[in-house]
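A quick write-up on the structure given underneath.
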Amino acid sequence: MIRSVVDERYVTPDAGSQRSFRASLQESGAPYLTALFVTPVIAQFTQYVFPGSSVLGAQSFSTVLALLGTSISLALWFLYRPRQPWPLLFQVFMGGLLAVWIFAVVMANVHGDAFNLTVLLLPLFLLMVWLKRPQPRDVWRAGDALAWSLVAMAVTAQLLDWMGLRELRYDFWNRLPFIDQIIGPIGRWEGPFGSSNLAGPIGAFLVAFGLSRFGLSRWAMVFTGGAIVFMSDSRTGYLGVLVALFVAILFRPSIGRYQMTGVRRAVLFGVVVGAFVALVVALDPTINGRTTVWSLFWNLFSSSPFVGVGGDGIASAIQGDGLLDGWATHGHNILIDPLARFGFFGALALLVAVSSALVLTLRAARAGQQSGLVLLACFLAVGVTEDVVDWRYLGIQALPLLLAATLGAGATPPGKGSPL
């Protein structure tokens with residue numbers, strides 16, 4: 001009896017704690033979604049710190065970590081038991097992204113473009129989220145983890161540079177005229193993101209997401225994101241920040257003494273956007289050479305509208321035909337580049353996905369939850385002059401779009417009698 005009592009006293013609590021831990025994994029989608037969101041950040045940073053390193057055959061260290069992180073996410077996903085399905089419109093969004101991936105991969109094979117094993121991770125990511133809907137609080141936790149991991153990634157890269165362990169790269173000179181007068185000429189900060197034009201949109205995302213957080217999280221994300229945009233001197237990043245701030249203000253219940261109705265929002269939006277476009281056209285009609293690139297990529301699309309020309313066709317236009325400058329390796333627009341790269345149907349699938357996300361986040365904003373719309377507006381503003389996403393891969397640049405749509409869907413549960 002004494003032994004049995006001892007066993008019950010000391011063994012049963014351990015078993016109970018194990019059951020409690022397992023039950024928490026079954027009830028929350030945050031663990032698997034957090035692992036999915038953080039894995040691309042870890043892989044990106046590993047590629048930055050250990051470029052070109054191989055651990056399994058020809059596979060890089062970052063590729064192995066991406067596969068490992070996704071495997072952990074999958075194990076956590078199997079344990080999770082969702083409580084409700086996604087609304088139909090979000091499923092259209094996910095189906096559109098999956099179709100984009102299919103077209104991108106198939107066309108890459110058709111055109112002989114190279115890719116690595118991590119191309120298989122994006123459909124797995126999409127299917128996991130699609131089949132098991134996390135709760136809204138789980139999405140916020142995963143979003144926090146994504147934002148904090150990006151902050152940590154940028155800060156760590158800068159610390160490694162200061163300590164002389166990993167030198168940062170800088171791109172050209174900062175173009176802000178007053179910088180030279182204050183501290184002298186400095187380069188555009190690339191950080192661990194590979195390019196100043198890729199760093200800027202990450203900074204803009206941190207500002208846009210930070211606007212929805214509180215306390216230390218808000219200040220850390222907004223400050224870090226703003227610093228990244230400033231140091232990278234990314235005009236695209238500045239545009240993303242301005243649009244995010246504008247949309248956040250636009251969907252406030254009131255501005256000063258004026259209650260914001262749908263009509264007032266539409267009028268204010270039209271006036272501001274019209275004035276901005278007129279200002280841009282007056283100052284720089286080519287938008288820093290973007291209109292020339294768009295025209296040439298449109299011609300590439302017109303030469304092969306159904307399957308595109310692929311990366312090889314774009315490279316030929318740059319190197320062989322001399323139609324494009326060396327810096328124009330992509331279409332500098334979220335829709336024009338896919339049109340030229342993998343044709344009409346792939347770009348159409350992307351348009352369906354983005355449109356679905358826009359409707360979801362607009363509905364959520366009208367219900368008082370504008371966070372998803374702010375993120376989406378920032379993403380689309382960046383997409384006007386940059387196409388920062390390679391739709392074959394699960395990269396950090398695509399995560400703001402996914403986070404925006406999941407926040408929008410979580411804030412707008414389907415009403416009775418409505419399939420959406």
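Chain labels follow the order of the structure tokens: the first chain is A, the next B, and so on; residue numbering restarts at 1 in every chain, and ligands are counted from 1 in their shown order.
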
Problem set entry | Near-Ala349 of chain A list (7 Å; only C-alpha atoms; drop same-chain fewer than 5 positions) as number ranges by chain | A: 96-97, 99-100

Using N, CA and C atoms, can you export the residues from the last selection as a PDB file, in the first residue's frame?
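Result went into again-v9.pdb, see below:
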ATOM      1  N   GLY A  96      -6.195  30.131 -54.510  1.00  0.00           N
ATOM      2  CA  GLY A  96      -5.514  30.978 -55.482  1.00  0.00           C
ATOM      3  C   GLY A  96      -4.011  30.936 -55.322  1.00  0.00           C
ATOM      4  N   LEU A  97      -3.523  31.008 -54.070  1.00  0.00           N
ATOM      5  CA  LEU A  97      -2.079  30.942 -53.835  1.00  0.00           C
ATOM      6  C   LEU A  97      -1.509  29.586 -54.242  1.00  0.00           C
ATOM      7  N   ALA A  99      -2.704  27.665 -56.576  1.00  0.00           N
ATOM      8  CA  ALA A  99      -2.677  27.661 -58.040  1.00  0.00           C
ATOM      9  C   ALA A  99      -1.495  28.468 -58.567  1.00  0.00           C
ATOM     10  N   VAL A 100      -1.178  29.595 -57.916  1.00  0.00           N
ATOM     11  CA  VAL A 100      -0.013  30.387 -58.318  1.00  0.00           C
ATOM     12  C   VAL A 100       1.251  29.548 -58.209  1.00  0.00           C
TER      13      VAL A 100
END

For this session: Could you give me, as number ranges by chain, the residues within 12 Å of Tyr238 of chain A, counting only C-alpha atoms and dropping anything in the same chain fewer than 4 positions from it?
Result: A: 197, 199-205, 207-208, 225-234, 242-245, 378-379, 381-382, 385

For those residues, write C-alpha atoms to a file as a short mmCIF file (atom, residue, chain, number, x, y, z; two decimals), in the first residue's frame.
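After the write, part39.cif holds the following:
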data_model
loop_
_atom_site.label_atom_id
_atom_site.label_comp_id
_atom_site.auth_asym_id
_atom_site.auth_seq_id
_atom_site.Cartn_x
_atom_site.Cartn_y
_atom_site.Cartn_z
CA ASN A 197 15.09 46.89 -51.93
CA ALA A 199 15.03 45.24 -46.56
CA GLY A 200 12.74 48.26 -47.04
CA PRO A 201 9.49 46.24 -47.38
CA ILE A 202 10.40 44.20 -44.28
CA GLY A 203 10.80 47.44 -42.35
CA ALA A 204 7.46 48.68 -43.68
CA PHE A 205 5.78 45.45 -42.54
CA VAL A 207 5.78 49.39 -38.84
CA ALA A 208 2.37 48.29 -40.19
CA GLY A 225 10.91 48.92 -38.90
CA GLY A 226 11.28 52.66 -39.34
CA ALA A 227 15.03 52.42 -38.84
CA ILE A 228 15.28 49.68 -41.47
CA VAL A 229 13.31 51.74 -43.99
CA PHE A 230 15.43 54.81 -43.27
CA MET A 231 18.81 53.03 -43.39
CA SER A 232 17.94 51.08 -46.53
CA ASP A 233 16.66 54.30 -48.15
CA SER A 234 13.95 52.25 -49.83
CA LEU A 242 2.83 55.93 -45.69
CA VAL A 243 0.03 53.78 -47.10
CA ALA A 244 -0.18 51.71 -43.89
CA LEU A 245 -0.46 54.90 -41.80
CA CYS A 378 1.29 47.96 -47.04
CA PHE A 379 1.97 44.78 -49.02
CA ALA A 381 1.78 49.45 -51.92
CA VAL A 382 5.15 47.70 -51.98
CA THR A 385 6.98 49.14 -57.77
#

For this session: Counting only C-alpha atoms, figure out which residue out of A:Leu33, A:Ser20, A:Leu165, A:Trp391 gets nearest to Pro123 of chain A.
Result: A:Trp391

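Proximity to Leu121 of chain A was assessed for A:Tyr258, A:Trp140, A:Trp101, A:Phe251 counting only C-alpha atoms; the smallest distance is recorded for A:Trp101.
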